[in-house]
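Content type compact mmCIF, C-alpha atoms and all ligand atoms, from the file target.txt:
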# COMPACT_ATOMS: atom_id res chain seq x y z
CA MET E 1270 111.97 81.69 86.21
CA ALA E 1271 108.77 81.47 84.19
CA THR E 1272 108.73 83.07 80.79
CA ARG E 1273 105.24 81.88 79.87
CA THR E 1274 102.38 84.20 80.56
CA TRP E 1275 99.87 83.18 83.14
CA ARG E 1276 97.17 82.62 80.56
CA GLU E 1277 99.40 80.40 78.46
CA SER E 1278 100.30 78.27 81.41
CA GLN E 1279 96.69 78.04 82.52
CA ARG E 1280 95.61 76.95 79.06
CA ASP E 1281 98.43 74.44 79.08
CA LEU E 1282 97.54 72.86 82.33
CA ASP E 1283 93.82 72.95 81.63
CA ARG E 1284 94.53 71.12 78.39
CA ARG E 1285 96.62 68.53 80.18
CA LEU E 1286 93.92 68.07 82.76
CA PHE E 1287 91.39 67.67 80.01
CA LEU E 1288 93.46 65.12 78.11
CA LYS E 1289 93.82 63.07 81.24
CA GLY E 1290 90.06 62.92 81.41
CA ALA E 1291 90.00 64.59 84.80
CA THR E 1292 87.27 67.06 85.57
CA LEU E 1293 88.17 70.69 85.10
CA ALA E 1294 88.93 71.22 88.72
CA ALA E 1295 90.65 74.51 88.02
CA VAL E 1296 87.47 76.25 86.93
CA PRO E 1297 86.79 79.05 89.36
CA ILE E 1298 84.17 78.43 91.97
CA VAL E 1299 82.29 81.55 92.92
CA GLY E 1300 81.47 80.32 96.37
CA ALA E 1301 80.04 82.96 98.62
CA ALA E 1302 78.78 85.25 95.88
CA SER E 1303 76.69 82.70 94.03
CA ALA E 1304 75.53 81.04 97.23
CA SER E 1305 73.99 84.31 98.36
CA GLY E 1306 72.38 84.73 94.96
CA ALA E 1307 74.24 87.98 94.47
CA LEU E 1308 76.12 87.14 91.32
CA GLY E 1309 75.42 89.46 88.42
CA GLN E 1310 72.49 91.09 90.14
CA GLU E 1311 71.74 94.75 90.00
CA ARG E 1312 71.65 96.22 93.41
CA SER E 1313 70.86 99.58 94.77
CA SER E 1314 73.17 100.93 97.37
CA PRO E 1315 72.52 103.76 99.78
CA SER E 1316 75.83 105.38 98.87
CA GLY E 1317 75.52 104.64 95.14
CA ALA E 1318 78.92 103.02 95.48
CA LYS E 1319 78.47 100.35 92.85
CA SER E 1320 75.48 100.09 90.59
CA SER E 1321 76.14 96.69 89.10
CA PHE E 1322 77.25 93.87 91.28
CA ALA E 1323 79.91 91.90 89.46
CA GLY E 1324 80.13 89.07 91.94
CA VAL E 1325 81.67 91.01 94.79
CA ILE E 1326 80.81 89.81 98.28
CA ARG E 1327 78.97 92.22 100.53
CA ARG E 1328 80.47 92.34 104.01
CA GLN E 1329 78.67 95.38 105.36
CA VAL E 1330 75.77 97.53 104.21
CA ASN E 1331 75.53 101.29 104.76
CA PRO E 1332 78.33 102.02 104.49
CA ASP E 1333 79.08 99.44 101.83
CA ASN E 1334 82.07 97.23 102.36
CA LEU E 1335 82.67 94.81 99.53
CA GLU E 1336 85.04 91.91 99.13
CA PHE E 1337 86.75 90.80 95.92
CA PRO E 1338 85.87 87.11 95.32
CA PHE E 1339 89.45 85.87 95.55
CA GLN E 1340 88.57 82.38 94.35
CA THR E 1341 87.82 83.87 90.90
CA LEU E 1342 91.30 85.44 90.63
CA ASP E 1343 92.46 85.47 87.02
CA SER E 1344 93.37 89.00 86.09
CA PHE E 1345 96.56 90.78 87.15
CA LEU E 1346 94.66 94.08 87.32
CA THR E 1347 91.44 93.76 89.29
CA PRO E 1348 88.55 95.28 87.30
CA ASN E 1349 87.28 98.45 88.97
CA ASP E 1350 83.87 96.95 89.69
CA GLN E 1351 85.41 93.96 91.46
CA PHE E 1352 88.05 95.84 93.47
CA TYR E 1353 87.32 95.49 97.20
CA VAL E 1354 85.80 98.52 98.94
CA ARG E 1355 86.64 99.51 102.51
CA THR E 1356 84.87 102.56 103.81
CA HIS E 1357 84.17 103.73 107.36
CA PHE E 1358 81.66 106.51 106.74
CA GLY E 1359 80.34 105.90 103.22
CA THR E 1360 80.98 107.72 99.96
CA PRO E 1361 80.84 111.53 100.11
CA GLU E 1362 79.28 113.22 97.09
CA LEU E 1363 82.06 115.23 95.51
CA GLU E 1364 82.52 116.90 92.16
CA ALA E 1365 85.78 117.49 90.36
CA LYS E 1366 84.60 121.04 89.44
CA SER E 1367 84.31 122.23 93.02
CA TRP E 1368 86.97 119.97 94.56
CA ARG E 1369 89.79 121.73 96.43
CA LEU E 1370 92.87 120.35 98.09
CA ALA E 1371 94.43 122.39 100.89
CA VAL E 1372 98.12 121.95 101.71
CA GLU E 1373 99.03 123.54 105.03
CA GLY E 1374 100.81 123.26 108.38
CA ALA E 1375 104.61 123.30 108.39
CA VAL E 1376 105.00 124.69 104.85
CA ASP E 1377 106.45 127.88 103.37
CA ASN E 1378 103.45 128.48 101.07
CA LYS E 1379 99.98 127.29 101.90
CA LEU E 1380 98.34 125.93 98.76
CA GLU E 1381 94.86 125.36 97.53
CA LEU E 1382 94.74 123.27 94.39
CA GLY E 1383 91.77 122.67 92.12
CA PHE E 1384 91.23 119.56 90.01
CA ASP E 1385 92.32 121.16 86.71
CA GLU E 1386 95.48 122.49 88.31
CA LEU E 1387 96.33 119.03 89.56
CA ARG E 1388 95.60 117.51 86.14
CA GLN E 1389 98.04 119.98 84.55
CA MET E 1390 100.92 118.79 86.71
CA GLU E 1391 103.16 116.00 85.43
CA SER E 1392 101.53 112.64 86.06
CA ARG E 1393 102.76 109.16 86.73
CA THR E 1394 101.17 105.73 86.53
CA VAL E 1395 101.97 103.13 89.18
CA THR E 1396 100.72 99.60 89.62
CA ALA E 1397 99.91 98.93 93.25
CA LEU E 1398 98.15 96.33 95.27
CA LEU E 1399 95.98 97.48 98.13
CA GLU E 1400 95.38 95.11 101.00
CA CYS E 1401 93.19 96.01 103.94
CA SER E 1402 95.16 95.30 107.09
CA GLY E 1403 92.15 93.29 108.29
CA ASN E 1404 92.16 91.02 105.24
CA SER E 1405 91.78 87.33 106.29
CA ARG E 1406 90.33 88.37 109.65
CA VAL E 1407 88.01 85.32 109.67
CA LEU E 1408 91.10 83.22 110.39
CA LEU E 1409 91.69 84.83 113.78
CA THR E 1410 90.83 83.03 117.00
CA PRO E 1411 89.07 84.07 119.08
CA PRO E 1412 86.89 85.85 116.49
CA GLN E 1413 87.58 89.57 116.26
CA LEU E 1414 85.20 92.45 115.80
CA GLY E 1415 85.40 94.22 112.49
CA ILE E 1416 84.62 93.36 108.91
CA ARG E 1417 84.64 89.59 108.36
CA TRP E 1418 87.11 89.57 105.49
CA GLU E 1419 87.98 86.18 104.05
CA GLN E 1420 90.67 86.29 101.35
CA GLY E 1421 89.39 89.16 99.23
CA GLY E 1422 90.24 92.33 101.17
CA VAL E 1423 92.97 92.69 98.57
CA SER E 1424 93.06 93.82 94.91
CA ASN E 1425 95.54 95.23 92.41
CA ALA E 1426 95.18 98.17 90.00
CA LYS E 1427 97.03 100.69 87.87
CA TRP E 1428 96.73 104.22 89.24
CA THR E 1429 97.47 107.53 87.55
CA GLY E 1430 98.08 110.80 89.32
CA VAL E 1431 100.59 113.38 90.51
CA PRO E 1432 103.46 112.42 92.83
CA LEU E 1433 102.78 113.75 96.33
CA SER E 1434 106.41 114.90 96.34
CA THR E 1435 105.65 117.35 93.49
CA VAL E 1436 102.91 119.00 95.55
CA LEU E 1437 105.10 119.02 98.67
CA LYS E 1438 107.90 120.72 96.75
CA ARG E 1439 105.51 123.37 95.53
CA ALA E 1440 104.39 124.07 99.09
CA GLY E 1441 107.96 124.10 100.45
CA VAL E 1442 108.14 121.73 103.41
CA SER E 1443 109.62 123.12 106.64
CA GLU E 1444 112.76 121.40 107.91
CA LYS E 1445 110.94 120.69 111.13
CA ALA E 1446 108.18 118.63 109.49
CA VAL E 1447 108.22 114.91 110.29
CA GLU E 1448 104.89 113.63 109.00
CA VAL E 1449 102.26 114.32 106.37
CA ILE E 1450 98.64 113.97 107.47
CA LEU E 1451 96.23 113.04 104.67
CA GLU E 1452 92.61 113.89 105.36
CA GLY E 1453 89.52 112.68 103.51
CA ALA E 1454 86.24 114.51 102.94
CA ASP E 1455 84.25 111.72 104.63
CA GLU E 1456 83.30 112.00 108.27
CA GLY E 1457 81.20 110.36 110.90
CA GLU E 1458 80.71 109.72 114.60
CA PHE E 1459 82.88 107.57 116.81
CA LYS E 1460 81.89 107.10 120.41
CA GLU E 1461 85.01 105.62 121.91
CA PRO E 1462 86.46 105.79 124.49
CA ASN E 1463 83.54 107.80 125.85
CA PRO E 1464 80.04 108.16 124.39
CA LYS E 1465 80.65 111.86 123.70
CA SER E 1466 84.17 111.64 122.43
CA PRO E 1467 85.82 111.99 120.01
CA GLY E 1468 82.47 112.63 118.30
CA LYS E 1469 82.44 113.63 114.67
CA ILE E 1470 85.74 112.93 112.95
CA SER E 1471 87.04 112.74 109.42
CA TYR E 1472 89.10 109.90 108.02
CA ALA E 1473 92.76 110.89 108.41
CA ARG E 1474 96.10 109.09 108.50
CA SER E 1475 99.67 110.31 108.68
CA LEU E 1476 102.66 109.11 106.69
CA PRO E 1477 106.29 109.55 107.69
CA LEU E 1478 107.70 112.36 105.54
CA GLU E 1479 110.36 110.01 104.19
CA LYS E 1480 107.75 107.70 102.64
CA ALA E 1481 105.59 110.61 101.51
CA LYS E 1482 108.50 111.89 99.39
CA GLN E 1483 108.97 108.61 97.51
CA PRO E 1484 108.10 108.87 93.81
CA GLU E 1485 105.57 106.01 93.91
CA VAL E 1486 103.29 107.83 96.38
CA ILE E 1487 100.76 109.64 94.22
CA LEU E 1488 97.57 111.68 94.37
CA ALA E 1489 95.58 109.53 91.98
CA TYR E 1490 92.64 110.57 89.79
CA GLN E 1491 92.51 107.47 87.60
CA MET E 1492 92.14 103.77 88.31
CA ASN E 1493 92.88 101.32 85.49
CA GLY E 1494 92.62 104.15 82.97
CA GLU E 1495 89.20 105.42 84.10
CA ASP E 1496 88.17 108.26 86.39
CA LEU E 1497 88.27 107.05 89.98
CA PRO E 1498 84.90 105.46 90.78
CA PRO E 1499 83.07 107.21 93.66
CA ALA E 1500 83.63 104.30 96.07
CA HIS E 1501 87.37 104.40 95.41
CA GLY E 1502 87.90 108.07 96.19
CA TYR E 1503 86.58 110.26 93.38
CA PRO E 1504 87.87 112.72 92.40
CA VAL E 1505 91.32 112.31 94.05
CA ARG E 1506 92.82 109.83 96.51
CA ALA E 1507 96.27 109.04 97.80
CA ILE E 1508 97.94 105.81 96.72
CA VAL E 1509 100.70 104.62 99.03
CA PRO E 1510 102.20 101.52 97.40
CA GLY E 1511 103.80 99.10 99.87
CA HIS E 1512 101.63 100.19 102.80
CA TYR E 1513 98.40 98.58 103.93
CA GLY E 1514 95.27 100.08 102.38
CA MET E 1515 94.42 102.39 105.27
CA ALA E 1516 97.28 104.70 104.21
CA SER E 1517 95.73 105.34 100.78
CA VAL E 1518 93.29 108.03 101.87
CA LYS E 1519 90.29 108.45 99.57
CA TRP E 1520 88.33 111.65 98.77
CA LEU E 1521 91.40 113.66 99.69
CA LYS E 1522 90.64 117.17 100.91
CA ARG E 1523 93.57 118.36 103.03
CA ILE E 1524 97.28 117.68 103.51
CA VAL E 1525 98.82 118.88 106.76
CA LEU E 1526 102.57 118.87 107.39
CA THR E 1527 103.24 118.35 111.08
CA GLU E 1528 106.25 118.83 113.32
CA ARG E 1529 105.28 115.99 115.64
CA PRO E 1530 103.80 112.56 115.06
CA PHE E 1531 100.02 112.41 114.65
CA HIS E 1532 98.09 110.03 116.92
CA GLY E 1533 94.68 110.15 115.21
CA TYR E 1534 91.89 107.65 115.65
CA PHE E 1535 92.80 105.56 112.60
CA GLN E 1536 96.36 104.97 113.75
CA THR E 1537 95.75 104.36 117.47
CA PHE E 1538 92.24 103.08 118.18
CA MET E 1539 92.25 101.34 114.82
CA TYR E 1540 95.04 100.20 112.51
CA SER E 1541 97.72 99.95 115.16
CA ILE E 1542 99.70 97.07 116.67
CA TRP E 1543 101.74 96.41 119.80
CA GLN E 1544 105.48 96.52 119.42
CA ARG E 1545 107.59 95.41 122.40
CA ARG E 1546 110.34 97.83 123.38
CA ASP E 1547 112.42 97.19 126.50
CA GLY E 1548 109.78 94.74 127.55
CA LEU E 1549 106.98 97.31 127.23
CA PRO E 1550 104.21 97.06 124.66
CA ASP E 1551 104.18 100.26 122.60
CA LEU E 1552 101.27 101.07 120.24
CA VAL E 1553 102.47 101.88 116.71
CA PRO E 1554 100.53 102.56 113.51
CA VAL E 1555 100.18 99.73 110.98
CA SER E 1556 102.30 100.62 107.96
CA GLU E 1557 104.22 98.32 105.60
CA ILE E 1558 102.50 95.33 103.99
CA GLN E 1559 103.85 92.00 105.26
CA VAL E 1560 104.84 89.13 102.97
CA LYS E 1561 101.84 86.92 102.21
CA SER E 1562 100.49 84.34 99.79
CA GLN E 1563 97.00 83.01 99.32
CA ILE E 1564 95.60 80.02 97.49
CA ALA E 1565 92.76 81.05 95.18
CA ARG E 1566 92.04 77.56 93.91
CA PRO E 1567 91.07 75.08 95.17
CA ALA E 1568 88.58 76.88 97.38
CA PHE E 1569 87.91 76.07 101.02
CA HIS E 1570 86.23 72.63 101.24
CA GLU E 1571 86.32 72.05 97.51
CA ILE E 1572 86.16 68.43 96.39
CA VAL E 1573 89.21 67.40 94.40
CA PRO E 1574 89.18 64.25 92.27
CA ALA E 1575 91.55 61.53 93.52
CA LYS E 1576 94.46 60.65 91.20
CA SER E 1577 93.94 63.78 89.11
CA LYS E 1578 96.38 66.57 88.47
CA TYR E 1579 95.10 69.75 90.05
CA ARG E 1580 96.53 73.17 89.32
CA LEU E 1581 96.88 75.04 92.59
CA PHE E 1582 96.78 78.72 91.80
CA GLY E 1583 97.19 81.84 93.86
CA ALA E 1584 98.99 85.12 94.42
CA ALA E 1585 101.77 86.39 96.65
CA TRP E 1586 102.78 89.92 97.61
CA THR E 1587 104.90 91.93 100.00
CA GLY E 1588 105.48 95.60 100.94
CA GLU E 1589 108.78 97.17 99.99
CA ALA E 1590 110.45 94.16 98.33
CA ASP E 1591 109.71 91.51 95.69
CA ILE E 1592 108.46 87.96 96.01
CA GLU E 1593 111.31 85.51 95.71
CA THR E 1594 109.71 82.11 96.31
CA VAL E 1595 106.38 80.52 97.03
CA GLU E 1596 106.28 77.05 98.51
CA VAL E 1597 103.30 74.77 98.76
CA SER E 1598 102.43 71.99 101.17
CA THR E 1599 99.68 69.48 100.45
CA ASP E 1600 100.08 67.62 103.74
CA GLY E 1601 99.39 70.23 106.36
CA GLY E 1602 102.90 71.69 106.50
CA THR E 1603 105.08 68.55 106.81
CA HIS E 1604 106.58 68.73 103.32
CA TRP E 1605 107.02 71.82 101.14
CA ALA E 1606 107.69 72.09 97.40
CA LYS E 1607 108.42 75.11 95.25
CA ALA E 1608 105.58 76.62 93.26
CA GLN E 1609 106.18 78.21 89.87
CA LEU E 1610 106.12 82.01 89.85
CA LEU E 1611 104.33 83.36 86.79
CA GLU E 1612 104.91 86.40 84.62
CA LYS E 1613 107.47 89.01 85.64
CA PRO E 1614 107.70 90.68 89.02
CA VAL E 1615 106.04 94.10 89.27
CA HIS E 1616 107.17 96.05 92.32
CA HIS E 1617 104.30 96.80 94.75
CA ALA E 1618 101.93 94.44 92.91
CA TRP E 1619 101.00 90.81 93.46
CA ARG E 1620 102.68 87.92 91.72
CA PHE E 1621 100.69 84.92 90.52
CA TRP E 1622 101.95 81.38 91.08
CA GLU E 1623 100.88 77.83 90.31
CA TYR E 1624 101.68 74.33 91.42
CA ALA E 1625 100.72 71.08 89.72
CA TRP E 1626 99.43 68.83 92.47
CA GLU E 1627 99.49 65.09 91.81
CA VAL E 1628 96.40 64.35 93.82
CA PRO E 1629 96.81 61.07 95.77
CA SER E 1630 94.50 58.12 95.25
CA ARG E 1631 93.71 57.91 98.96
CA SER E 1632 90.51 59.80 99.62
CA GLY E 1633 90.08 61.96 102.68
CA ARG E 1634 90.78 65.44 103.95
CA TYR E 1635 93.94 67.25 102.88
CA THR E 1636 95.27 70.54 104.16
CA LEU E 1637 96.85 72.78 101.53
CA MET E 1638 99.15 75.66 102.47
CA SER E 1639 101.31 78.21 100.72
CA ARG E 1640 104.21 80.20 102.10
CA ALA E 1641 106.00 83.14 100.46
CA THR E 1642 109.50 84.55 100.96
CA ASP E 1643 110.54 88.00 99.74
CA SER E 1644 113.80 89.48 98.50
CA ARG E 1645 114.54 90.90 101.95
CA GLY E 1646 114.39 87.42 103.44
CA ASN E 1647 111.01 87.90 105.14
CA VAL E 1648 109.14 84.61 105.34
CA GLN E 1649 105.42 84.21 105.87
CA PRO E 1650 105.06 83.00 109.46
CA ILE E 1651 103.23 79.80 110.37
CA GLU E 1652 101.95 81.19 113.66
CA ARG E 1653 99.78 84.23 114.27
CA ASP E 1654 101.40 86.98 116.37
CA ASP E 1655 98.68 88.24 118.73
CA ASP E 1656 100.49 91.56 119.29
CA ARG E 1657 99.12 92.52 115.90
CA ARG E 1658 95.65 92.77 117.42
CA ASP E 1659 93.16 92.42 114.55
CA ALA E 1660 95.46 93.72 111.80
CA MET E 1661 98.37 92.61 109.57
CA ILE E 1662 97.16 89.05 109.11
CA ASN E 1663 99.80 87.27 107.03
CA HIS E 1664 100.35 83.91 108.70
CA VAL E 1665 100.10 80.79 106.55
CA GLN E 1666 96.51 79.88 105.66
CA SER E 1667 95.18 76.34 105.57
CA ILE E 1668 92.81 75.35 102.81
CA GLU E 1669 91.10 72.12 103.70
CA VAL E 1670 89.85 70.11 100.73
CA GLU E 1671 88.24 66.73 100.32
CA VAL E 1672 89.88 64.27 97.96
CA LYS E 1673 87.32 61.83 96.51
N1 LIG G 1701 88.76 108.83 103.20
C1 LIG G 1701 88.89 107.52 103.43
N2 LIG G 1701 89.96 106.88 102.92
C2 LIG G 1701 90.13 105.56 103.13
C3 LIG G 1701 89.21 104.82 103.90
C4 LIG G 1701 88.07 105.51 104.40
O1 LIG G 1701 87.18 104.93 105.06
N3 LIG G 1701 87.96 106.86 104.14
N4 LIG G 1701 89.45 103.49 104.14
C5 LIG G 1701 90.85 103.07 104.06
C6 LIG G 1701 91.05 101.64 104.14
S1 LIG G 1701 91.01 100.94 105.69
C7 LIG G 1701 91.39 100.89 103.03
S2 LIG G 1701 91.77 99.25 103.19
C8 LIG G 1701 91.43 101.49 101.69
C9 LIG G 1701 90.54 100.73 100.73
O2 LIG G 1701 90.54 101.31 99.46
P1 LIG G 1701 89.44 100.84 98.40
O3 LIG G 1701 88.09 100.99 99.03
O4 LIG G 1701 89.64 101.68 97.20
O5 LIG G 1701 89.73 99.40 98.13
O6 LIG G 1701 91.03 102.85 101.70
C10 LIG G 1701 91.51 103.59 102.78
N5 LIG G 1701 91.22 104.97 102.58
MO MO G 1702 91.67 98.71 105.48
What would you get if you wrote out this structure as structure tokens?
Ligand SMILES: Nc1nc2c(c(=O)[nH]1)N[C@H]1C(S)=C(S)[C@@H](COP(=O)(O)O)O[C@H]1N2
Ligand SMILES: [Mo]
Amino acid sequence: MATRTWRESQRDLDRRLFLKGATLAAVPIVGAASASGALGQERSSPSGAKSSFAGVIRRQVNPDNLEFPFQTLDSFLTPNDQFYVRTHFGTPELEAKSWRLAVEGAVDNKLELGFDELRQMESRTVTALLECSGNSRVLLTPPQLGIRWEQGGVSNAKWTGVPLSTVLKRAGVSEKAVEVILEGADEGEFKEPNPKSPGKISYARSLPLEKAKQPEVILAYQMNGEDLPPAHGYPVRAIVPGHYGMASVKWLKRIVLTERPFHGYFQTFMYSIWQRRDGLPDLVPVSEIQVKSQIARPAFHEIVPAKSKYRLFGAAWTGEADIETVEVSTDGGTHWAKAQLLEKPVHHAWRFWEYAWEVPSRSGRYTLMSRATDSRGNVQPIERDDDRRDAMINHVQSIEVEVK
């Protein structure tokens, strides 16, 4: 396994590339962001979500949905101003001073916590990747409704907060409780299935009690050592490592313990998949992150110099396990070779990898692929499973490049 740091190995390979007289093919290409002229520009946003625009890709305006430019990947922790933003109703204006968190339902003692009270409880810092379950949606055929995420509906940060289990213990959870509903302070109108219903709803998702009690699930008030930015849930959000992003409820306002499973909008109409049971499709909420790898460089349709040595670089991640191997194919999936995993594994985070590609002398189109396997033996599938509707998109991606 690699003992070099990622930066060392990048410097190494860049130097080798340079000595060979090849062009610096590994330099990040900021495709979509620079093409739209957005790079480095100040922008005003209706929700005030992000004041300076550090090269993120705008996928929706009002409410703002922003994509991390995955082709620029170079930092294990995604800077706060580049971390992707997924919001359904926009950023509510909240203040730590007046913020209250209610804990109710199937509990012995109802609670209402203020921000200072939460800050006084013992804290924990966890590193966790968030991936929107619609990340890579552009790959789906036929095209699906919803945000047109390419590769950057995913980012990784260090979060500090209080374990949810500490708060649950304080409230005394009833033996009958099976799920924990997390509710945000943001709300808006949905007009499905009927133009008048369900009407105004808040963002809410439930977690099985078993997961909610795990020590890594926290009520976070810091992101990468800073106060949570407004777009990422200020003043307090849930972080549910190992689950797709929709579980990590932002702008947390209420926790409800329930004695029967919750079937709210964001785990039935959205963020749910079909699971076949006894030959019958059964709708279940999206939960655990599936094993996945992505190639950051080269970028889609990049031109790669013939006979050069190109450093393929990317990241791999999975839900409740660790990445064991990443394989790469440079011929559209006929042959596979092992990539080098970099740094040390961090549970619930992504793992960077690289592969030195001896670029052939024959010019033409080449299809690059990567495929990850995790420590539970889950392998990234080649084919898309349509029962997953428009979510949980982890099948192998093809990056087509032009060798010249
Ligand atoms: N209150 C609230 N929480 C939310 C959402 C939301 O719209 N409202 N979006 C969810 C979804 S779908 C994702 S992918 C993550 C994204 O977190 P981020 O914007 O900090 O990247 O937040 C989740 N938590
Ligand atoms: Mo999401």
message: Which residues are near ligand LIG 1701 (chain G) - at most 8 Å, using all atoms listed in the file? Format: as number ranges by chain.
response: E: 1334, 1352-1359, 1399-1403, 1422-1424, 1452-1455, 1471-1473, 1500-1502, 1506, 1513-1521, 1540
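Coordinates place atom CA of E:Trp1418 at a distance of 13.9 Å from atom CA of E:Val1330.
For the set E:Lys1613, E:Lys1673, E:Lys1445, E:His1570, the residue with the smallest atom-to-atom gap to E:Pro1530 is E:Lys1445, counting only C-alpha atoms.
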Padding of 4 Å on every side, edges along x, y and z, all listed atoms of stretch 1382-1393 of chain E included: what centre and edge lengths in Å, to one decimal, does that box have, as AutoDock Vina command-line options?
--center_x 97.2 --center_y 116.2 --center_z 89.5 --size_x 19.9 --size_y 22.1 --size_z 17.8
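Across E:Ala1585, E:Ala1446, E:Val1597, E:Leu1409, the tightest approach to E:Pro1614 is made by E:Ala1585 when counting only C-alpha atoms.
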query: With distances taken over all atoms listed in the file, which of E:Trp1605, E:Phe1582, E:Trp1619, E:Phe1535 is nearest to ligand MO 1702 (chain G)?
result: E:Phe1535
